[in-house]
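Participant: My structure is stored as work.cif, with mmCIF, C-alpha atoms.
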```
data_final
loop_
_atom_site.group_PDB
_atom_site.id
_atom_site.type_symbol
_atom_site.label_atom_id
_atom_site.label_comp_id
_atom_site.auth_asym_id
_atom_site.auth_seq_id
_atom_site.Cartn_x
_atom_site.Cartn_y
_atom_site.Cartn_z
ATOM 1 C CA MET A 11 -23.139 8.120 53.380
ATOM 2 C CA SER A 12 -21.065 11.170 52.469
ATOM 3 C CA ASP A 13 -18.042 8.961 51.680
ATOM 4 C CA ALA A 14 -20.064 6.588 49.509
ATOM 5 C CA ARG A 15 -20.925 9.195 46.876
ATOM 6 C CA PRO A 16 -17.319 10.243 45.991
ATOM 7 C CA LYS A 17 -16.272 6.594 45.981
ATOM 8 C CA GLU A 18 -19.093 5.748 43.570
ATOM 9 C CA ASN A 19 -18.159 8.688 41.324
ATOM 10 C CA SER A 20 -14.526 7.568 41.365
ATOM 11 C CA ILE A 21 -15.517 4.043 40.295
ATOM 12 C CA ILE A 22 -17.652 5.413 37.458
ATOM 13 C CA ARG A 23 -14.818 7.711 36.369
ATOM 14 C CA MET A 24 -12.340 4.827 36.323
ATOM 15 C CA ARG A 25 -14.753 2.718 34.281
ATOM 16 C CA LEU A 26 -15.155 5.526 31.760
ATOM 17 C CA ILE A 27 -11.374 5.960 31.511
ATOM 18 C CA ARG A 28 -10.857 2.211 30.999
ATOM 19 C CA SER A 29 -13.655 2.181 28.424
ATOM 20 C CA TYR A 30 -12.093 5.140 26.605
ATOM 21 C CA ILE A 31 -8.617 3.566 26.575
ATOM 22 C CA SER A 32 -10.059 0.245 25.396
ATOM 23 C CA SER A 33 -11.934 2.034 22.611
ATOM 24 C CA VAL A 34 -8.828 3.929 21.487
ATOM 25 C CA VAL A 35 -6.720 0.750 21.425
ATOM 26 C CA SER A 36 -9.370 -1.169 19.455
ATOM 27 C CA ILE A 37 -9.824 1.623 16.921
ATOM 28 C CA SER A 38 -6.034 2.064 16.582
ATOM 29 C CA LEU A 39 -5.547 -1.614 15.746
ATOM 30 C CA VAL A 40 -8.228 -1.426 13.077
ATOM 31 C CA LEU A 41 -6.633 1.699 11.594
ATOM 32 C CA VAL A 42 -3.210 -0.005 11.539
ATOM 33 C CA LEU A 43 -4.685 -2.801 9.413
ATOM 34 C CA ILE A 44 -6.254 -0.234 7.085
ATOM 35 C CA GLY A 45 -2.931 1.615 6.885
ATOM 36 C CA ILE A 46 -0.972 -1.537 6.003
ATOM 37 C CA ALA A 47 -3.476 -2.443 3.288
ATOM 38 C CA GLY A 48 -3.376 1.140 2.024
ATOM 39 C CA LEU A 49 0.426 1.191 1.889
ATOM 40 C CA LEU A 50 0.451 -2.004 -0.163
ATOM 41 C CA ALA A 51 -2.337 -0.784 -2.447
ATOM 42 C CA VAL A 52 -0.947 2.665 -3.284
ATOM 43 C CA ASN A 53 2.541 1.270 -3.885
ATOM 44 C CA ALA A 54 1.389 -1.765 -5.874
ATOM 45 C CA ARG A 55 1.967 0.048 -9.173
ATOM 46 C CA THR A 56 5.371 1.347 -8.023
ATOM 47 C CA VAL A 57 6.486 -2.163 -7.015
ATOM 48 C CA ALA A 58 5.076 -3.608 -10.239
ATOM 49 C CA ASP A 59 6.928 -0.997 -12.318
ATOM 50 C CA HIS A 60 10.135 -1.866 -10.463
ATOM 51 C CA PHE A 61 9.846 -5.536 -11.470
ATOM 52 C CA ARG A 62 8.885 -4.572 -15.029
ATOM 53 C CA GLU A 63 11.879 -2.269 -15.351
ATOM 54 C CA ASN A 64 14.182 -5.125 -14.357
ATOM 55 C CA LEU A 65 13.009 -7.217 -17.300
ATOM 56 C CA VAL A 66 15.674 -7.194 -19.999
ATOM 57 C CA VAL A 67 15.150 -7.165 -23.756
ATOM 58 C CA GLU A 68 18.362 -8.535 -25.239
ATOM 59 C CA VAL A 69 19.413 -7.458 -28.722
ATOM 60 C CA ILE A 70 21.991 -9.827 -30.218
ATOM 61 C CA MET A 71 24.155 -8.138 -32.822
ATOM 62 C CA SER A 72 25.108 -9.838 -36.085
ATOM 63 C CA GLU A 73 28.342 -11.843 -36.326
ATOM 64 C CA THR A 74 29.921 -9.160 -38.504
ATOM 65 C CA ALA A 75 29.057 -6.330 -36.099
ATOM 66 C CA GLU A 76 31.997 -4.746 -34.285
ATOM 67 C CA GLU A 77 32.123 -2.873 -30.997
ATOM 68 C CA GLN A 78 31.739 0.501 -32.722
ATOM 69 C CA ASP A 79 28.652 -0.731 -34.588
ATOM 70 C CA ALA A 80 27.023 -1.822 -31.335
ATOM 71 C CA ILE A 81 27.826 1.476 -29.616
ATOM 72 C CA GLU A 82 26.380 3.463 -32.542
ATOM 73 C CA TYR A 83 23.255 1.291 -32.449
ATOM 74 C CA LEU A 84 22.912 1.810 -28.680
ATOM 75 C CA THR A 85 23.336 5.586 -29.066
ATOM 76 C CA GLU A 86 20.643 5.644 -31.729
ATOM 77 C CA MET A 87 18.153 3.536 -29.781
ATOM 78 C CA GLN A 88 18.548 4.839 -26.244
ATOM 79 C CA HIS A 89 16.709 8.049 -27.154
ATOM 80 C CA ARG A 90 13.582 6.138 -28.198
ATOM 81 C CA PRO A 91 10.596 6.818 -25.875
ATOM 82 C CA PHE A 92 10.219 3.147 -24.900
ATOM 83 C CA VAL A 93 13.822 2.803 -23.676
ATOM 84 C CA LYS A 94 14.489 3.448 -19.983
ATOM 85 C CA SER A 95 18.153 2.450 -20.050
ATOM 86 C CA ALA A 96 20.559 0.477 -22.217
ATOM 87 C CA GLU A 97 23.838 -1.339 -21.638
ATOM 88 C CA TYR A 98 26.458 -2.505 -24.128
ATOM 89 C CA ILE A 99 27.569 -6.097 -23.481
ATOM 90 C CA SER A 100 30.949 -6.794 -25.024
ATOM 91 C CA ARG A 101 31.968 -10.281 -26.143
ATOM 92 C CA GLU A 102 34.279 -10.533 -23.135
ATOM 93 C CA LYS A 103 31.589 -9.496 -20.651
ATOM 94 C CA GLY A 104 29.081 -11.861 -22.261
ATOM 95 C CA THR A 105 31.614 -14.672 -21.962
ATOM 96 C CA GLN A 106 32.087 -13.939 -18.247
ATOM 97 C CA GLN A 107 28.340 -13.994 -17.674
ATOM 98 C CA LEU A 108 27.971 -17.343 -19.444
ATOM 99 C CA ALA A 109 30.954 -18.744 -17.572
ATOM 100 C CA GLN A 110 29.175 -18.012 -14.279
ATOM 101 C CA ILE A 111 26.183 -20.030 -15.501
ATOM 102 C CA LEU A 112 27.804 -22.835 -17.542
ATOM 103 C CA GLY A 113 31.215 -23.052 -15.932
ATOM 104 C CA SER A 114 34.571 -21.550 -16.887
ATOM 105 C CA ASP A 115 35.475 -24.399 -19.267
ATOM 106 C CA PHE A 116 32.411 -24.149 -21.513
ATOM 107 C CA LEU A 117 34.527 -22.597 -24.312
ATOM 108 C CA ASN A 118 36.561 -25.802 -24.619
ATOM 109 C CA ALA A 119 33.789 -27.260 -26.785
ATOM 110 C CA PHE A 120 34.234 -24.488 -29.390
ATOM 111 C CA GLN A 121 37.088 -23.635 -31.726
ATOM 112 C CA SER A 122 36.315 -19.923 -31.404
ATOM 113 C CA ASN A 123 34.320 -17.781 -28.999
ATOM 114 C CA PRO A 124 30.626 -18.149 -29.995
ATOM 115 C CA VAL A 125 29.375 -15.402 -27.677
ATOM 116 C CA PRO A 126 28.079 -12.471 -29.736
ATOM 117 C CA ILE A 127 28.122 -8.773 -28.940
ATOM 118 C CA SER A 128 24.777 -7.678 -27.514
ATOM 119 C CA VAL A 129 22.894 -4.724 -26.074
ATOM 120 C CA ASP A 130 20.539 -5.063 -23.073
ATOM 121 C CA PHE A 131 17.541 -2.742 -22.949
ATOM 122 C CA HIS A 132 15.349 -1.940 -19.953
ATOM 123 C CA ILE A 133 11.940 -0.903 -21.290
ATOM 124 C CA GLN A 134 9.614 1.737 -19.865
ATOM 125 C CA PRO A 135 6.806 0.009 -17.876
ATOM 126 C CA ALA A 136 4.103 1.595 -20.056
ATOM 127 C CA TYR A 137 5.396 -0.381 -23.066
ATOM 128 C CA LEU A 138 5.444 -3.767 -21.343
ATOM 129 C CA SER A 139 2.174 -5.085 -22.747
ATOM 130 C CA SER A 140 1.766 -7.637 -25.538
ATOM 131 C CA ASP A 141 0.849 -5.076 -28.223
ATOM 132 C CA SER A 142 3.490 -2.552 -27.199
ATOM 133 C CA LEU A 143 6.189 -5.217 -26.979
ATOM 134 C CA ALA A 144 5.521 -6.180 -30.590
ATOM 135 C CA VAL A 145 6.163 -2.551 -31.585
ATOM 136 C CA VAL A 146 9.298 -2.445 -29.413
ATOM 137 C CA ARG A 147 10.591 -5.676 -30.927
ATOM 138 C CA SER A 148 10.041 -4.354 -34.451
ATOM 139 C CA ALA A 149 11.771 -1.035 -33.682
ATOM 140 C CA LEU A 150 14.788 -2.679 -32.022
ATOM 141 C CA GLY A 151 15.160 -5.233 -34.802
ATOM 142 C CA ASP A 152 14.918 -2.705 -37.635
ATOM 143 C CA SER A 153 18.662 -2.631 -38.337
ATOM 144 C CA ASP A 154 20.997 -4.719 -40.479
ATOM 145 C CA LYS A 155 23.364 -4.789 -37.492
ATOM 146 C CA VAL A 156 20.869 -6.822 -35.429
ATOM 147 C CA ASN A 157 20.669 -10.596 -35.637
ATOM 148 C CA GLU A 158 17.911 -11.277 -33.063
ATOM 149 C CA VAL A 159 15.753 -9.519 -30.467
ATOM 150 C CA VAL A 160 15.101 -11.719 -27.412
ATOM 151 C CA VAL A 161 11.956 -10.753 -25.468
ATOM 152 C CA GLN A 162 10.730 -12.808 -22.511
ATOM 153 C CA GLU A 163 7.081 -12.373 -23.519
ATOM 154 C CA SER A 164 5.778 -15.264 -21.390
ATOM 155 C CA LEU A 165 7.427 -13.747 -18.309
ATOM 156 C CA VAL A 166 5.981 -10.313 -19.108
ATOM 157 C CA GLN A 167 2.482 -11.741 -19.591
ATOM 158 C CA SER A 168 2.738 -13.744 -16.379
ATOM 159 C CA LEU A 169 3.918 -10.668 -14.464
ATOM 160 C CA ASN A 170 1.129 -8.467 -15.848
ATOM 161 C CA LYS A 171 -1.487 -11.103 -15.031
ATOM 162 C CA ASN A 172 -0.205 -11.563 -11.484
ATOM 163 C CA ILE A 173 -0.067 -7.809 -10.917
ATOM 164 C CA GLN A 174 -3.699 -7.432 -12.000
ATOM 165 C CA SER A 175 -4.741 -10.298 -9.733
ATOM 166 C CA ILE A 176 -2.865 -8.847 -6.765
ATOM 167 C CA GLY A 177 -4.428 -5.431 -7.418
ATOM 168 C CA MET A 178 -7.950 -6.907 -7.432
ATOM 169 C CA VAL A 179 -7.286 -8.886 -4.236
ATOM 170 C CA LEU A 180 -5.969 -5.764 -2.470
ATOM 171 C CA LEU A 181 -8.964 -3.716 -3.623
ATOM 172 C CA VAL A 182 -11.457 -6.305 -2.340
ATOM 173 C CA PHE A 183 -9.462 -6.674 0.891
ATOM 174 C CA ILE A 184 -9.506 -2.916 1.533
ATOM 175 C CA ILE A 185 -13.265 -2.680 0.886
ATOM 176 C CA ILE A 186 -13.937 -5.575 3.268
ATOM 177 C CA LEU A 187 -11.555 -4.098 5.827
ATOM 178 C CA LEU A 188 -13.268 -0.686 5.662
ATOM 179 C CA PHE A 189 -16.648 -2.337 6.191
ATOM 180 C CA ILE A 190 -15.354 -4.388 9.120
ATOM 181 C CA SER A 191 -13.650 -1.347 10.624
ATOM 182 C CA PHE A 192 -16.862 0.686 10.355
ATOM 183 C CA VAL A 193 -18.792 -2.069 12.153
ATOM 184 C CA LEU A 194 -16.104 -2.526 14.832
ATOM 185 C CA ILE A 195 -15.682 1.172 15.455
ATOM 186 C CA GLY A 196 -19.477 1.574 15.486
ATOM 187 C CA ASN A 197 -19.816 -1.165 18.120
ATOM 188 C CA THR A 198 -16.943 0.285 20.142
ATOM 189 C CA VAL A 199 -18.490 3.774 20.139
ATOM 190 C CA ARG A 200 -21.918 2.282 20.844
ATOM 191 C CA LEU A 201 -20.645 0.419 23.918
ATOM 192 C CA ASN A 202 -18.981 3.604 25.108
ATOM 193 C CA LEU A 203 -22.138 5.696 24.665
ATOM 194 C CA TYR A 204 -24.589 3.040 25.812
ATOM 195 C CA ALA A 205 -23.444 3.487 29.390
ATOM 196 C CA ARG A 206 -24.581 7.115 29.121
ATOM 197 C CA ARG A 207 -27.963 6.419 27.550
ATOM 198 C CA PHE A 208 -29.846 7.629 30.639
ATOM 199 C CA THR A 209 -27.924 10.905 30.547
ATOM 200 C CA ILE A 210 -29.062 11.324 26.942
ATOM 201 C CA HIS A 211 -32.659 10.559 27.976
ATOM 202 C CA THR A 212 -32.475 13.090 30.813
ATOM 203 C CA MET A 213 -31.262 15.758 28.387
ATOM 204 C CA GLN A 214 -34.286 14.989 26.210
ATOM 205 C CA LEU A 215 -36.641 15.402 29.156
ATOM 206 C CA VAL A 216 -35.398 18.932 29.840
ATOM 207 C CA GLY A 217 -36.010 19.899 26.196
ATOM 208 C CA ALA A 218 -32.558 19.490 24.606
ATOM 209 C CA THR A 219 -32.628 19.204 20.825
ATOM 210 C CA LYS A 220 -31.115 16.274 18.979
ATOM 211 C CA SER A 221 -28.231 18.410 17.651
ATOM 212 C CA PHE A 222 -27.507 19.771 21.150
ATOM 213 C CA ILE A 223 -27.418 16.248 22.614
ATOM 214 C CA ARG A 224 -25.284 14.981 19.757
ATOM 215 C CA LYS A 225 -22.647 17.754 19.858
ATOM 216 C CA PRO A 226 -20.580 16.723 22.953
ATOM 217 C CA PHE A 227 -20.572 13.071 21.919
ATOM 218 C CA VAL A 228 -19.474 13.933 18.383
ATOM 219 C CA ILE A 229 -16.652 16.112 19.737
ATOM 220 C CA GLN A 230 -15.571 13.304 22.044
ATOM 221 C CA ALA A 231 -15.682 10.837 19.147
ATOM 222 C CA MET A 232 -13.643 13.244 17.006
ATOM 223 C CA TRP A 233 -10.896 13.395 19.641
ATOM 224 C CA GLN A 234 -11.112 9.641 20.086
ATOM 225 C CA GLY A 235 -10.629 9.132 16.341
ATOM 226 C CA LEU A 236 -7.800 11.672 16.245
ATOM 227 C CA VAL A 237 -5.916 10.023 19.126
ATOM 228 C CA SER A 238 -6.473 6.578 17.599
ATOM 229 C CA GLY A 239 -5.252 7.838 14.218
ATOM 230 C CA ILE A 240 -2.093 9.315 15.740
ATOM 231 C CA ILE A 241 -1.356 6.042 17.560
ATOM 232 C CA ALA A 242 -1.990 4.048 14.352
ATOM 233 C CA ASP A 243 0.323 6.362 12.375
ATOM 234 C CA PHE A 244 3.022 5.960 15.035
ATOM 235 C CA VAL A 245 2.752 2.159 14.783
ATOM 236 C CA LEU A 246 2.877 2.355 10.970
ATOM 237 C CA LEU A 247 5.992 4.549 11.140
ATOM 238 C CA LEU A 248 7.637 1.970 13.406
ATOM 239 C CA LEU A 249 6.777 -0.760 10.894
ATOM 240 C CA LEU A 250 8.164 1.366 8.049
ATOM 241 C CA TYR A 251 11.358 1.993 10.027
ATOM 242 C CA PHE A 252 11.686 -1.757 10.597
ATOM 243 C CA ALA A 253 11.110 -2.389 6.881
ATOM 244 C CA LYS A 254 13.711 0.221 5.905
ATOM 245 C CA LYS A 255 16.259 -1.167 8.342
ATOM 246 C CA ASN A 256 15.828 -4.826 7.392
ATOM 247 C CA TYR A 257 14.592 -4.648 3.800
ATOM 248 C CA GLY A 258 16.222 -1.463 2.539
ATOM 249 C CA GLU A 259 16.177 -2.383 -1.157
ATOM 250 C CA PHE A 260 12.485 -3.261 -1.113
ATOM 251 C CA PHE A 261 11.612 -0.166 0.952
ATOM 252 C CA ALA A 262 13.476 2.031 -1.531
ATOM 253 C CA ILE A 263 10.883 1.098 -4.171
ATOM 254 C CA PHE A 264 8.086 2.759 -2.192
ATOM 255 C CA ASP A 265 6.982 6.261 -3.151
ATOM 256 C CA ARG A 266 7.630 8.550 -0.158
ATOM 257 C CA ARG A 267 4.857 10.971 -1.177
ATOM 258 C CA LEU A 268 2.330 8.147 -1.250
ATOM 259 C CA LEU A 269 3.487 6.952 2.181
ATOM 260 C CA ALA A 270 2.775 10.405 3.634
ATOM 261 C CA GLU A 271 -0.650 10.468 1.966
ATOM 262 C CA VAL A 272 -1.555 7.098 3.501
ATOM 263 C CA LEU A 273 -0.581 8.318 6.985
ATOM 264 C CA VAL A 274 -2.801 11.382 6.560
ATOM 265 C CA ALA A 275 -5.618 9.205 5.162
ATOM 266 C CA VAL A 276 -5.452 6.894 8.212
ATOM 267 C CA LEU A 277 -5.830 9.922 10.486
ATOM 268 C CA VAL A 278 -8.798 11.247 8.495
ATOM 269 C CA ILE A 279 -10.474 7.814 8.292
ATOM 270 C CA GLY A 280 -10.180 7.402 12.069
ATOM 271 C CA VAL A 281 -11.825 10.778 12.749
ATOM 272 C CA VAL A 282 -14.548 10.367 10.099
ATOM 273 C CA LEU A 283 -15.511 6.821 11.107
ATOM 274 C CA CYS A 284 -15.705 7.752 14.790
ATOM 275 C CA ILE A 285 -17.847 10.827 14.062
ATOM 276 C CA LEU A 286 -20.208 8.886 11.783
ATOM 277 C CA SER A 287 -20.500 6.111 14.349
ATOM 278 C CA ALA A 288 -21.204 8.585 17.162
ATOM 279 C CA VAL A 289 -23.884 10.361 15.123
ATOM 280 C CA ARG A 290 -25.540 7.062 14.210
ATOM 281 C CA VAL A 291 -25.501 5.730 17.792
ATOM 282 C CA VAL A 292 -26.687 8.972 19.418
ATOM 283 C CA ASN A 293 -29.531 9.321 16.906
ATOM 284 C CA ARG A 294 -30.610 5.763 17.671
ATOM 285 C CA LEU A 295 -30.493 6.322 21.451
ATOM 286 C CA VAL A 296 -32.424 9.580 21.152
ATOM 287 C CA ASP A 297 -35.176 7.819 19.206
ATOM 288 C CA GLU A 298 -35.532 5.022 21.763
ATOM 289 C CA SER A 299 -38.307 5.102 24.309
ATOM 290 C CA LYS A 300 -37.693 5.019 28.049
ATOM 291 C CA ASP A 301 -38.624 1.326 28.265
ATOM 292 C CA GLU A 302 -36.182 0.427 25.432
ATOM 293 C CA LEU A 303 -33.278 1.990 27.357
ATOM 294 C CA TYR A 304 -33.331 -0.904 29.833
ATOM 295 C CA TYR A 305 -32.669 -3.543 27.127
#
```
Here is the file; what I need is its structure written in the form of structure tokens.

Facilitator:
Amino acid sequence: MSDARPKENSIIRMRLIRSYISSVVSISLVLVLIGIAGLLAVNARTVADHFRENLVVEVIMSETAEEQDAIEYLTEMQHRPFVKSAEYISREKGTQQLAQILGSDFLNAFQSNPVPISVDFHIQPAYLSSDSLAVVRSALGDSDKVNEVVVQESLVQSLNKNIQSIGMVLLVFIIILLFISFVLIGNTVRLNLYARRFTIHTMQLVGATKSFIRKPFVIQAMWQGLVSGIIADFVLLLLLYFAKKNYGEFFAIFDRRLLAEVLVAVLVIGVVLCILSAVRVVNRLVDESKDELYY
């Protein structure tokens, strides 16, 4: 009989440890999903700005414009607030670019080189809307040295529309994911605490207050959330390392400060959700009658 008691306690202890580990793993996986969604959401604008900045507004100089005219025009325009960067495209460089697209013998159809001198402008993302682009086009074309300003407005509009759609989808996805995570973490904590419902009832019988009963479970939930958050952050860092190693150019777009904020947010969300779930479950168990504890 004396050997049965320690054996029973050992079995209970092992069950609690397995339950705790299972809870931590489940919560960590949920937090990883939240972290991935958060990383995409907070860097959506950065990625969008990267694609916007790679859109080129081409200014074709007039046939009479010389190299010096184009350079003077570039120098004058590159200080405008809507210009991020500018590049002078000589007739020779323009010819090489066309030759890569049309073939090296495309000039055979012309008596003289038809490729004009041009200047390529990369526009600040804030000016890449329909109204702002009209102002940019007018400003860039306001020179007798300019023959035409080529703006890919349809591409800009398509990009802006897609970015807005992606942003809305990510926002809805994060809200749904937070709700699901709250339910999952709540159920996980509830299963963990439900096994100790009779302990909670016994504490009530000896006169323990609700706050006194709740305190140890909240502390345990806090540590559970903290450990889960640390594991989730470690997994996210591994994923980021993999992304940097295999997709370096894409990873370089991400804002490092925002990445750190997401990692901290995942840790905080894990702790907060576990504490809220523990408080909710303990309050419910405390309010249950003795007969309800058996169901």

Participant: Please evaluate the PyMOL selection byres ((chain A and resi 286) around 12) against the displayed coordinates and give the resulting residues as a list in words.

Facilitator: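 So the PyMOL selection byres ((chain A and resi 286) around 12) ends up selecting Phe192, Val193, Ile195, Gly196, Asn197, Val199, Arg200, Arg224, Phe227, Val228, Ile229, Ala231, Met232, Gly235, Ile279, Gly280, Val281, Val282, Leu283, Cys284, Ile285, Ser287, Ala288, Val289, Arg290, Val291, Val292 and Asn293 of chain A.
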
Participant: Tell me which residues the PyMOL selection byres ((chain A and resi 41-46) around 7) grabs here, as a ChimeraX atom specification.

Facilitator: /A:37-40,47-50,184,187,239,242,246,272,276,280

Participant: Distance CA of Asn64 (chain A)-CA of Tyr83 (chain A), one decimal place?

Facilitator: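 Taking CA of Asn64 (chain A) and CA of Tyr83 (chain A), their separation equals 21.2 Å.
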
Participant: If you measure from CA of Ser36 (chain A) to CA of Val278 (chain A), what distance in Å do you get, rounded to one decimal?

Facilitator: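 One can read the CA of Ser36 (chain A) to CA of Val278 (chain A) distance as 16.6 Å.
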
Participant: Name the residues captured by the PyMOL selection byres ((chain A and resi 87-97) around 6) when it is applied to the shown file; answer as a list in words.

Facilitator: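 This file, filtered by the PyMOL selection byres ((chain A and resi 87-97) around 6), leaves Leu84, Thr85, Glu86, Tyr98, Val129, Asp130, Phe131, His132, Ile133 and Gln134 of chain A.
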
Participant: With distances taken over only C-alpha atoms, which residue among A:Val146, A:Ala51, A:Ala218, A:Ala136 lies nearest Val182 (chain A)?

Facilitator: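 Of all the options, A:Ala51 lies closest to Val182 (chain A).
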
Participant: Taking into account only C-alpha atoms, which residue in the set A:Phe264, A:Val296, A:Asn53, A:Glu77 is nearest to Thr209 (chain A)?

Facilitator: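 Among the listed residues, A:Val296 lies closest to Thr209 (chain A).
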
Participant: Figure out the distance between CA of Thr56 (chain A) and CA of Ile241 (chain A), please, to one decimal in Å.

Facilitator: 26.9 Å

Participant: Using the file's own x, y and z axes, so that the box edges lie along x, y and z, what centre and edge lengths in Å (one decimal) does a box around every listed atom of region 182-185 of chain A get when 6 Å is added on each side? Give it as AutoDock Vina command-line options.

Facilitator:
```
--center_x -11.4 --center_y -4.7 --center_z -0.4 --size_x 15.8 --size_y 16.0 --size_z 15.9
```

Participant: Could you check which of A:Ser168, A:Leu65, A:Ser148, A:Leu277 is closest to Ile240 (chain A), using only C-alpha atoms?

Facilitator: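 The closest residue to Ile240 (chain A) is A:Leu277.
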
Participant: Using all atoms listed in the file, which residue out of A:Asp265, A:Asp79, A:Asp141, A:Glu102 lies closest to Ser153 (chain A)?

Facilitator: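 Of the candidates, the smallest distance to Ser153 (chain A) is held by A:Asp79.
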